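Novice: I have a structure here, written as structure tokens, and I will follow up with some questions on it.
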Number of protein chains: 2
Amino acid sequence: MGINQKEILQEIKILDGGHICSPKGFFAGGLHCGLKRKKHDLGWLYSIVPANAAAVYTTNLIQAAPILVTRESIEVDKQIQGVIVNSGNANACTGEEGYRHALLMRHYFAKKMNMKEEHVAVSSTGIIGEQLPINKVLDGIKMIGKVEESAANFEKAILTTDTTQKRACVQLEIDGKMITIGGAAKGSGMIHPNMATMLAFITTDANVEQEALQSALKTVVDETFNMITVDGDTSTNDMVLLLANGLAKNTMLTPNSPAWLHFIQGLETVCQLLAKEIAKDGEGATKLIEAKVIGAAGEEDAKKLAKSVIGSNLVKSAVFGTDPNWGRIVCALGYSGVDFDTENISVFIGPYQLFANGLPALFEESEVKTYMEENNEIQILVELHEGESSAIAWGCDLTYDYVKINASYRT
Amino acid sequence: MGINQKEILQEIKILDGGHICSPKGFFAGGLHCGLKRKKHDLGWLYSIVPANAAAVYTTNLIQAAPILVTRESIEVDKQIQGVIVNSGNANACTGEEGYRHALLMRHYFAKKMNMKEEHVAVSSTGIIGEQLPINKVLDGIKMIGKVEESAANFEKAILTTDTTQKRACVQLEIDGKMITIGGAAKGSGMIHPNMATMLAFITTDANVEQEALQSALKTVVDETFNMITVDGDTSTNDMVLLLANGLAKNTMLTPNSPAWLHFIQGLETVCQLLAKEIAKDGEGATKLIEAKVIGAAGEEDAKKLAKSVIGSNLVKSAVFGTDPNWGRIVCALGYSGVDFDTENISVFIGPYQLFANGLPALFEESEVKTYMEENNEIQILVELHEGESSAIAWGCDLTYDYVKINASYRT
């Protein structure tokens with residue numbers, strides 16, 4: 001699909017400082033219940049009315065208990081009204097007992113908020129293989145209503161070793177109604193023995209038919225969250241949840257609506273902003289890498305190529321070392337599994353062409369190095385001549401700190 | 001296939017200090033021709049008679065000029081008598097001119113050695129995208145015959161940033177004849193802007209039918225060289241070449257020979273020893289990791305699972321940090337793409353069981369940590385209950401030095 005930048009600039013407004021509570025009728029909060037030492041570790045999000053829900057889950061064969069419970073909830077009415085999230089413990093590889101804990105979180109949060117149980121989603125991130133200290137979580141749930149609510153507290157409560165909170169928000173007009181889409185996310189956190197869990201919660205007051213919502217989310221996740229990689233590892237707890245409560249009172253959106261593509265663009269903008277924040281905050285990262293592939297034979301090819309570049313430890317190390325190493329980029333294209341005419345590749349870093357039609361180009365290495373030193377977002381552009389398809393993937397550099405965080409997090 | 005260790009101990013003798021010139025009729029040498037600053041950078045290997053040849057090449061779409069020329073040579077008679085190899089320059093992404101250079105290497109080496117051109121293989125490793133200083137190479141070829149020959153000099157001449165020479169040799173008896181199989185290899189070298197090129201040259205005096213030889217090599221490479229990963233990147237120049245000159249005078253081996261499996265086991269032993277040497281010498285590596293998967297539904301599943309564990313940056317970092325992090329191992333199994341019953345997995349590090357039937361096992365963390373600190377080869381065992389298939393993959397830990405070498409090799 002891809003975003004038409006021009007159209008967005010005209011019609012989609014990025015709301016600086018906007019968040020998951022910017023759409024009408026959404027509230028959120030977070031507090032410290034004792035799973036982490038000091039920081040917020042329990043978050044909640046709810047809509048004043050049940051919202052149509054869509055979700056995309058981890059493809060890891062091993063799925064944490066909260067993922068199972070959330071699937072069960074959504075299955076019933078395809079609606080979610082509230083979300084309860086804890087960090088500090090992933091409730092994964094915890095067997096029957098872990099499953100019961102996730103059910104308890106759902107039960108007590110639903111009761112507290114006066115919602116149907118099956119309208120509650122549960123999410124966890126943190127240590128895997130340890131039982132959730134469930135009493136701390138349930139005591140935390142009791143505190144809801146007694147503490148001040150804010151999107152910022154929710155954003156904090158879902159983090160593990162992320163160094164920054166991640167939010168995004170856009171507004172667009174549909175049917176003369178102002179539609180708002182907000183989001184909060186967490187990226188790669190690494191707590192023993194956890195892996196890089198990715199969570200994103202998207203809220204909107206748009207009125208969207210549920211099946212269409214699910215299909216929109218799937219499409220957009222494939223272009224955004226599925227195009228980022230920090231280290232290629234996929235967690236047991238990954239989830240992207242999208243709630244549309246309809247309070248903007250637009251005519252119900254379906255794929256046949258004239259404004260359908262417009263809505264998808266808004267959703268994609270929010271997800272792309274969050275995805276880039278996650279990539280940029282990869283463990284130990286100092287730079288965001290954006291790899292764009294154009295002229296591929298098909299979209300799948302373009303995605304594979306872009307991800308192969310972004311996923312190469314050698315490319316990631318070269319960016320950390322501000323080394324305009326086109327050889328590693330070309331090599332990553334070559335082993336991506338995509339077939340293309342190798343004599344037609346061109347590679348650019350920033351505005352500099354390093355490789356032209358299958359052969360090294362003449363370029364001033366010091367200039368490219370300066371570009372790489374001075375920018376926090378390094379653009380890699382690969383041009384093929386196989387077709388019209390393009391894709392963008394995002395990642396980060398591989399640094400001493402990545403190794404440090406993951407080899408010796410306990411010290 | 002897999003090696004039956006017991007049988008090997010009885011019938012295959014590992015020859016300490018043996019090398020590519022241990023089989024009858026093979027000679028090799030190496031010298032400095034000026035591609036590198038000081039070290040050997042030109043190697044040659046030959047048999048006194050043309051040898052049946054088998055080869056497995058890189059699967060990278062971008063293939064270096066010497067790979068093309070070697071393919072053309074083997075195509076003619078399926079025989080190779082001599083091999084000329086340079087390090088310091090990969091002659092990859094060098095277009096028509098690079099191709100002519102590879103032809104020139106073949107031509108002058110063949111002339112010097114009085115061989116047919118089509119009986120000569122060419123191999124290069126080093127910088128990509130720069131034209132080979134062909135006159136230095138041709139001057140080097142002129143020196144052959146004027147310098148002392150030795151397998152050790154050949155082993156040195158093929159290295160890039162490897163820290164050790166890599167050799168292996170076995171002997172076995174077939175038909176009452178002593179058969180010797182020797183090998184030399186290089187692993188991950190990283191010279192701007194190169195990638196981790198893997199080269200292996202295997203020699204044997206066994207008499208083996210050519211098609212059978214090719215099929216044996218393919219099978220064995222899949223179990224050995226294709227089961228190692230340093231950083232997942234595949235180079236433009238990778239090649240494994242196997243020459244069988246028949247001077248042991250055994251009855252010609254074919255897949256129907258009673259001793260066929262025995263020969264394959266010998267070949268596999270040599271390739272496995274070299275593969276482990278390469279994995280152990282991965283850039284910045286301090287430890288070899290061996291991941292064994294047993295009880296998988298099929299061989300492909302077992303291989304995918306073992307490689308997924310070995311390829312995980314998180315597992316590799318954990319080994320560097322001597323952290324018995326079963327969560328990362330389980331997670332890597334989960335995203336491998338293989339389907340299995342997650343409640344039946346067990347995971348061991350060394351003799352310690354960390355995960356039993358889908359749940360964390362009780363273990364003394366300090367004991368496992370001590371095992372990981374005190375051993376240079378870390379064994380990870382994964383047990384499924386899906387079937388009878390098993391596989392082993394080898395890799396190395398991810399260290400500060402990996403990042404250092406690949407981010408700042410120029411300083």
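Within each chain, counting starts at residue 1; across the structure tokens, chains are named A, B, ... in the order shown, with ligands numbered 1 upward in that order.
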Could the residues of chain A within 6 Å of chain B, counting only C-alpha atoms, be given as a list in words, please?

Specialist: Asn60, Leu61, Ile62, Cys93, Gly129, Pro193, Ser317, Ala318, Phe320, Gly321, Asn325, Gly327, Gly334, Tyr335, Leu359, Pro360, Tyr400, Val403, Asn406, Ala407 and Ser408 of chain A

Novice: DSSP on the backbone, then: every residue of stretch 27-215 of chain B marked strand (DSSP E), written as a VMD selection string.

Specialist: chain B and resid 27 to 31 42 to 57 79 to 89 120 to 127 166 to 174 177 to 186 199 to 204

Novice: I need the residue nearest A:Ala185 from this list: A:Asn91, A:Thr254, A:Thr204, A:Gln272. Use only C-alpha atoms for the distance.

Specialist: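 When distances to A:Ala185 are compared using only C-alpha atoms, the smallest one comes from A:Gln272.
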
Novice: So that I can check the surroundings of B:Ile294, please list as an mmCIF file with N, CA, C and O atoms, in the first residue's frame every protein, DNA and RNA residue that reaches within 9 Å of it, counting only C-alpha atoms and ignoring chain neighbours fewer than 6 positions away.

Specialist:
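Now in result11.cif:
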```
data_model
loop_
_atom_site.group_PDB
_atom_site.id
_atom_site.type_symbol
_atom_site.label_atom_id
_atom_site.label_comp_id
_atom_site.auth_asym_id
_atom_site.auth_seq_id
_atom_site.Cartn_x
_atom_site.Cartn_y
_atom_site.Cartn_z
ATOM 1 N N ALA B 302 14.520 -30.186 12.637
ATOM 2 C CA ALA B 302 15.621 -30.209 13.607
ATOM 3 C C ALA B 302 16.663 -29.163 13.242
ATOM 4 O O ALA B 302 17.161 -28.422 14.100
ATOM 5 N N LEU B 381 21.216 -28.332 24.630
ATOM 6 C CA LEU B 381 20.463 -29.484 24.134
ATOM 7 C C LEU B 381 18.976 -29.182 24.244
ATOM 8 O O LEU B 381 18.497 -28.763 25.301
ATOM 9 N N VAL B 382 18.269 -29.381 23.149
ATOM 10 C CA VAL B 382 16.825 -29.184 23.142
ATOM 11 C C VAL B 382 16.173 -30.519 22.812
ATOM 12 O O VAL B 382 16.532 -31.160 21.827
ATOM 13 N N GLU B 383 15.243 -30.917 23.648
ATOM 14 C CA GLU B 383 14.580 -32.195 23.427
ATOM 15 C C GLU B 383 13.096 -31.956 23.159
ATOM 16 O O GLU B 383 12.402 -31.336 23.968
ATOM 17 N N LEU B 384 12.636 -32.434 22.008
ATOM 18 C CA LEU B 384 11.204 -32.394 21.717
ATOM 19 C C LEU B 384 10.693 -33.830 21.806
ATOM 20 O O LEU B 384 11.467 -34.765 22.006
ATOM 21 N N HIS B 385 9.412 -33.975 21.636
ATOM 22 C CA HIS B 385 8.870 -35.333 21.576
ATOM 23 C C HIS B 385 7.988 -35.476 20.360
ATOM 24 O O HIS B 385 6.858 -35.931 20.429
ATOM 25 N N GLY B 387 9.344 -36.708 17.237
ATOM 26 C CA GLY B 387 9.802 -37.747 16.319
ATOM 27 C C GLY B 387 11.222 -38.151 16.649
ATOM 28 O O GLY B 387 11.657 -38.011 17.788
ATOM 29 N N GLU B 388 11.933 -38.615 15.631
ATOM 30 C CA GLU B 388 13.237 -39.233 15.856
ATOM 31 C C GLU B 388 14.388 -38.407 15.292
ATOM 32 O O GLU B 388 15.532 -38.838 15.333
ATOM 33 N N SER B 389 14.083 -37.255 14.706
ATOM 34 C CA SER B 389 15.134 -36.538 13.979
ATOM 35 C C SER B 389 15.942 -35.626 14.882
ATOM 36 O O SER B 389 15.432 -35.083 15.856
ATOM 37 N N SER B 390 17.214 -35.472 14.506
ATOM 38 C CA SER B 390 18.082 -34.608 15.287
ATOM 39 C C SER B 390 18.986 -33.799 14.367
ATOM 40 O O SER B 390 19.120 -34.098 13.182
ATOM 41 N N ALA B 391 19.565 -32.754 14.909
ATOM 42 C CA ALA B 391 20.509 -31.925 14.155
ATOM 43 C C ALA B 391 21.386 -31.173 15.138
ATOM 44 O O ALA B 391 21.006 -30.963 16.291
ATOM 45 N N ILE B 392 22.562 -30.795 14.662
ATOM 46 C CA ILE B 392 23.473 -29.991 15.475
ATOM 47 C C ILE B 392 23.864 -28.756 14.675
ATOM 48 O O ILE B 392 24.151 -28.856 13.481
#
```

Novice: Quick one: distance from atom CA of A:Thr219 to atom CA of A:Ala28 in Å, one decimal?

Specialist: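 It comes out at 26.5 Å.
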
Novice: Could you check how far atom CA of B:Phe27 sits from atom CA of B:Lys218, in Å to one decimal?

Specialist: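 Interatomic distance here is 24.8 Å.
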
Novice: Leaving out B:Ile179 and any residue of its chain fewer than 3 positions from it, which residues lie within 8 Å of it when counting only C-alpha atoms, given as a compact mmCIF listing (two decimals) with N, CA, C and O atoms, in the first residue's frame?

Specialist:
```txt
# COMPACT_ATOMS: atom_id res chain seq x y z
N PRO B 23 46.84 -36.51 1.99
CA PRO B 23 46.46 -37.51 0.98
C PRO B 23 47.54 -37.57 -0.11
O PRO B 23 48.17 -36.55 -0.43
N GLN B 171 41.91 -40.57 8.48
CA GLN B 171 42.27 -41.73 7.66
C GLN B 171 41.29 -42.85 7.95
O GLN B 171 40.81 -43.00 9.07
N LEU B 172 41.00 -43.61 6.92
CA LEU B 172 40.12 -44.77 7.09
C LEU B 172 40.53 -45.82 6.06
O LEU B 172 41.16 -45.50 5.05
N GLU B 173 40.18 -47.05 6.35
CA GLU B 173 40.58 -48.12 5.44
C GLU B 173 39.38 -48.54 4.60
O GLU B 173 38.29 -48.78 5.12
N ILE B 174 39.60 -48.59 3.30
CA ILE B 174 38.55 -49.06 2.40
C ILE B 174 39.21 -50.04 1.44
O ILE B 174 40.25 -49.71 0.86
N THR B 204 41.34 -35.60 -1.16
CA THR B 204 41.41 -37.01 -0.75
C THR B 204 42.05 -37.83 -1.87
O THR B 204 41.91 -37.49 -3.06
N ASP B 205 42.74 -38.88 -1.47
CA ASP B 205 43.33 -39.78 -2.47
C ASP B 205 42.38 -40.93 -2.78
O ASP B 205 42.72 -41.85 -3.52
N ALA B 206 41.17 -40.87 -2.23
CA ALA B 206 40.19 -41.92 -2.53
C ALA B 206 39.81 -41.87 -4.00
O ALA B 206 39.85 -40.82 -4.64
N ALA B 248 44.85 -43.54 -3.95
CA ALA B 248 44.83 -44.62 -2.94
C ALA B 248 44.52 -45.96 -3.60
O ALA B 248 44.70 -47.02 -3.01
```

Novice: Would you mind reading off the distance between atom CA of B:Ile141 and atom CA of B:Asn245, one decimal, in Å?

Specialist: 23.2 Å
